Amino acid sequence: MVRGLADADAIAELSAEERMLLMAVERPIVLVKSRSQSQIVREVTNNDSLIGIFLPYTPLHHLLLRDAGRPLVMTSGNVSDEPMITTNDAAFAQLGEVADVFLVHDREITARVDDSVVRVIAGAPSILRRARGYVPRAIETAREFAEPILACGAHLKNTFCIAAGSSAYIGPHIGDLENLETMREYETAIERMKEFVGIEPKVLAHDLHPDYLSTCYAQRSGARTIGVQHHHAHIASAMAEHAIDGPAIGIAYDGTGFGTDGTSWGGEILIAGYESFDRFATFRPIPLIGGDQAIRKPWRAALALLEDAFDGAPPISSIPLFESIPPQVLEPVRQALRADSTRR
């Protein structure tokens, strides 16, 4: 966060469009081209080509930046993978070993809202994270919704959406639905949004994955539900964003998603409309030993690819990646891969 455009110029190379975004009433974080000679760029981004800059949007920010006399690095007040902290007591308890100083306030926070992130692409602003300043302003859609609907969102980096008529209201960025506290915030945010916009959804759209907490939320709601394949959702949302009626050739390289055949899909080329799609092309499947462990520990997926490419006899000993994997950890995975190959 910088005091004004003069400080922003010292850190980044700004176009006219980027200057307008920085000064806009929404005050988003704007991803811009960094100046490699800037000391703060070297310290914060290790000379990355992009840096996020935004201007103060509260009186407190102005006072802090005035007294600090230099740009400030801002980050969310939360423990990794958990919701942002909203009370002083929780901040003291959870961040006491992280923060050196606490600046507290007697005004309570009602709703958690992230900063919005925007980048100028092809001369026009593209919102990468729609949050503070833009939410809950409605997005007008080309098609009207037959019934009020809640799109529950996915498991990771969750954001939900409530829509009715030709208006879609995107909720705040919730984060990864991987703990009880985040799930409670998810449910609270949905109820708050329903009350705020005056819409009670009759249909809930959810990811096909049966174990996603957002899917479980939809299925226990008692409302009518519609399952949507993960990669189809990505492509359909891009079509809607750019007003493409379809059908369209969509390429989704978004990691794994539960497929209509009950297997994990990833790297999909779909010929898609809004209501349906044909799976035109994909990568040859490989076993994901340990399920999500193969995603969290990429060496498992790499080993599966090597076993497939070398017909079960890859040169593991000559590959540095596997030098740090203990034999008692590596060998059971190799045995599981061979067993899977035999079954196929």
# chains A, B, ... in the order shown; residues from 1 in each chain; ligands from 1
>>> residues_around(residues="stretch 21-33 of chain A", least_positions_apart="2", cutoff="9 Å", atoms="only C-alpha atoms", output="ChimeraX atom specification")
/A:1,4-5,11-19,35,48-57,115-120,125,131-134
>>> residues_around(residues="stretch 229-246 of chain A", least_positions_apart="5", cutoff="12 Å", atoms="only C-alpha atoms", output="MDAnalysis selection string")
chainID A and resid 126:127 139:143 151:156 161 168 205:210 212 215 251:279 282
>>> select_by_dssp(residues="stretch 262-323 of chain A", states="alpha helix (DSSP H)", output="count of residues only")
16
>>> residues_around(residues="A:Val333", least_positions_apart="5", cutoff="9 Å", atoms="only C-alpha atoms", output="PyMOL selection string")
chain A and resi 289-290+300+303-304+338
>>> closest_residue(among="A:Ala248, A:Met74, A:Ile226, A:His173", to="A:Ile190", atoms="only C-alpha atoms")
A:His173
>>> residues_around(residues="A:Thr225", least_positions_apart="4", cutoff="9 Å", atoms="only C-alpha atoms", output="PyMOL selection string")
chain A and resi 202-206+218-219+221
>>> write_last_selection(atoms="C-alpha atoms", output="PDB file, in the first residue's frame")
ATOM      1  CA  LYS A 202     -34.761 -22.581  -4.935  1.00  0.00           C
ATOM      2  CA  VAL A 203     -31.983 -24.484  -6.733  1.00  0.00           C
ATOM      3  CA  LEU A 204     -28.444 -25.199  -5.516  1.00  0.00           C
ATOM      4  CA  ALA A 205     -25.673 -25.931  -8.035  1.00  0.00           C
ATOM      5  CA  HIS A 206     -22.680 -27.851  -6.692  1.00  0.00           C
ATOM      6  CA  ALA A 218     -26.008 -28.344  -1.029  1.00  0.00           C
ATOM      7  CA  GLN A 219     -27.227 -31.896  -0.598  1.00  0.00           C
ATOM      8  CA  SER A 221     -30.163 -28.183   2.216  1.00  0.00           C
TER       9      SER A 221
END
>>> atom_distance(atom1="atom CA of A:Gly175", atom2="atom CA of A:Asn158")
5.0 Å
>>> select_by_dssp(residues="stretch 85-227 of chain A", states="strand (DSSP E or B)", output="NGL selection string")
:A and (117-121 or 124-129 or 139-151 or 158 or 161-170 or 175 or 203-207 or 224-227)
>>> residues_around(residues="A:Phe322", least_positions_apart="5", cutoff="8 Å", atoms="only C-alpha atoms", output="list in words")
Trp299, Ile316 and Ser317 of chain A
>>> closest_residue(among="A:Ile295, A:Met183, A:Ile149, A:Val104", to="A:Gly165", atoms="only C-alpha atoms")
A:Ile149
>>> residues_around(residues="stretch 305-314 of chain A", least_positions_apart="2", cutoff="12 Å", atoms="only C-alpha atoms", output="PyMOL selection string")
chain A and resi 283-289+294+298-303+316-319+321-322+333-342
>>> write_last_selection(atoms="N, CA and C atoms", output="CSV table (one decimal), in the first residue's frame")
chain,number,residue,atom,x,y,z
A,283,PHE,N,-5.6,-35.9,-21.3
A,283,PHE,CA,-4.4,-36.7,-21.2
A,283,PHE,C,-4.7,-38.1,-20.9
A,284,ARG,N,-3.8,-39.0,-21.2
A,284,ARG,CA,-3.9,-40.4,-20.8
A,284,ARG,C,-3.9,-40.5,-19.3
A,285,PRO,N,-4.8,-41.2,-18.6
A,285,PRO,CA,-4.9,-41.2,-17.2
A,285,PRO,C,-3.8,-41.9,-16.5
A,286,ILE,N,-3.4,-41.4,-15.3
A,286,ILE,CA,-2.4,-42.1,-14.5
A,286,ILE,C,-3.1,-42.3,-13.1
A,287,PRO,N,-2.6,-43.3,-12.4
A,287,PRO,CA,-3.1,-43.5,-11.0
A,287,PRO,C,-2.6,-42.5,-10.1
A,288,LEU,N,-3.5,-42.0,-9.2
A,288,LEU,CA,-3.1,-41.0,-8.1
A,288,LEU,C,-3.1,-41.8,-6.8
A,289,ILE,N,-1.9,-42.4,-6.5
A,289,ILE,CA,-1.8,-43.2,-5.3
A,289,ILE,C,-1.9,-42.3,-4.1
A,294,ALA,N,-1.4,-37.4,-3.6
A,294,ALA,CA,-0.7,-37.3,-4.9
A,294,ALA,C,-0.7,-35.8,-5.4
A,298,PRO,N,3.7,-33.8,-4.9
A,298,PRO,CA,3.7,-34.0,-6.4
A,298,PRO,C,4.7,-35.1,-6.8
A,299,TRP,N,5.6,-35.5,-6.0
A,299,TRP,CA,6.5,-36.6,-6.4
A,299,TRP,C,5.8,-37.9,-6.7
A,300,ARG,N,4.6,-38.1,-6.0
A,300,ARG,CA,3.8,-39.3,-6.3
A,300,ARG,C,3.3,-39.3,-7.7
A,301,ALA,N,2.8,-38.1,-8.2
A,301,ALA,CA,2.3,-38.0,-9.5
A,301,ALA,C,3.5,-38.1,-10.5
A,302,ALA,N,4.6,-37.5,-10.2
A,302,ALA,CA,5.8,-37.7,-11.1
A,302,ALA,C,6.2,-39.1,-11.2
A,303,LEU,N,6.2,-39.8,-10.1
A,303,LEU,CA,6.5,-41.3,-10.1
A,303,LEU,C,5.6,-42.1,-11.0
A,316,ILE,N,14.9,-44.4,-11.5
A,316,ILE,CA,14.7,-43.6,-10.3
A,316,ILE,C,16.0,-43.1,-9.7
A,317,SER,N,17.0,-44.0,-9.6
A,317,SER,CA,18.2,-43.7,-8.9
A,317,SER,C,19.0,-42.6,-9.5
A,318,SER,N,18.7,-42.3,-10.8
A,318,SER,CA,19.5,-41.2,-11.5
A,318,SER,C,18.7,-39.9,-11.5
A,319,ILE,N,17.5,-39.8,-10.8
A,319,ILE,CA,16.7,-38.6,-10.8
A,319,ILE,C,16.8,-38.0,-9.5
A,321,LEU,N,15.1,-35.7,-7.9
A,321,LEU,CA,13.9,-35.5,-7.2
A,321,LEU,C,13.7,-36.6,-6.1
A,322,PHE,N,14.0,-37.8,-6.4
A,322,PHE,CA,13.7,-38.9,-5.5
A,322,PHE,C,14.8,-39.2,-4.5
A,333,VAL,N,4.6,-46.9,-2.6
A,333,VAL,CA,4.0,-46.2,-3.7
A,333,VAL,C,4.2,-46.9,-5.0
A,334,ARG,N,5.5,-47.3,-5.2
A,334,ARG,CA,5.8,-48.1,-6.4
A,334,ARG,C,5.1,-49.4,-6.5
A,335,GLN,N,4.9,-50.1,-5.4
A,335,GLN,CA,4.2,-51.3,-5.3
A,335,GLN,C,2.7,-51.1,-5.7
A,336,ALA,N,2.1,-50.0,-5.2
A,336,ALA,CA,0.8,-49.7,-5.5
A,336,ALA,C,0.6,-49.4,-7.0
A,337,LEU,N,1.6,-48.7,-7.5
A,337,LEU,CA,1.5,-48.4,-9.0
A,337,LEU,C,1.6,-49.7,-9.8
A,338,ARG,N,2.5,-50.6,-9.4
A,338,ARG,CA,2.6,-51.9,-10.1
A,338,ARG,C,1.3,-52.7,-10.0
A,339,ALA,N,0.7,-52.7,-8.8
A,339,ALA,CA,-0.6,-53.4,-8.6
A,339,ALA,C,-1.7,-52.8,-9.5
A,340,ASP,N,-1.7,-51.5,-9.6
A,340,ASP,CA,-2.7,-50.8,-10.4
A,340,ASP,C,-2.5,-51.1,-11.9
A,341,SER,N,-1.2,-51.2,-12.3
A,341,SER,CA,-0.9,-51.5,-13.7
A,341,SER,C,-1.4,-53.0,-14.0
A,342,THR,N,-1.2,-53.9,-13.1
A,342,THR,CA,-1.6,-55.3,-13.3
A,342,THR,C,-3.1,-55.4,-13.4
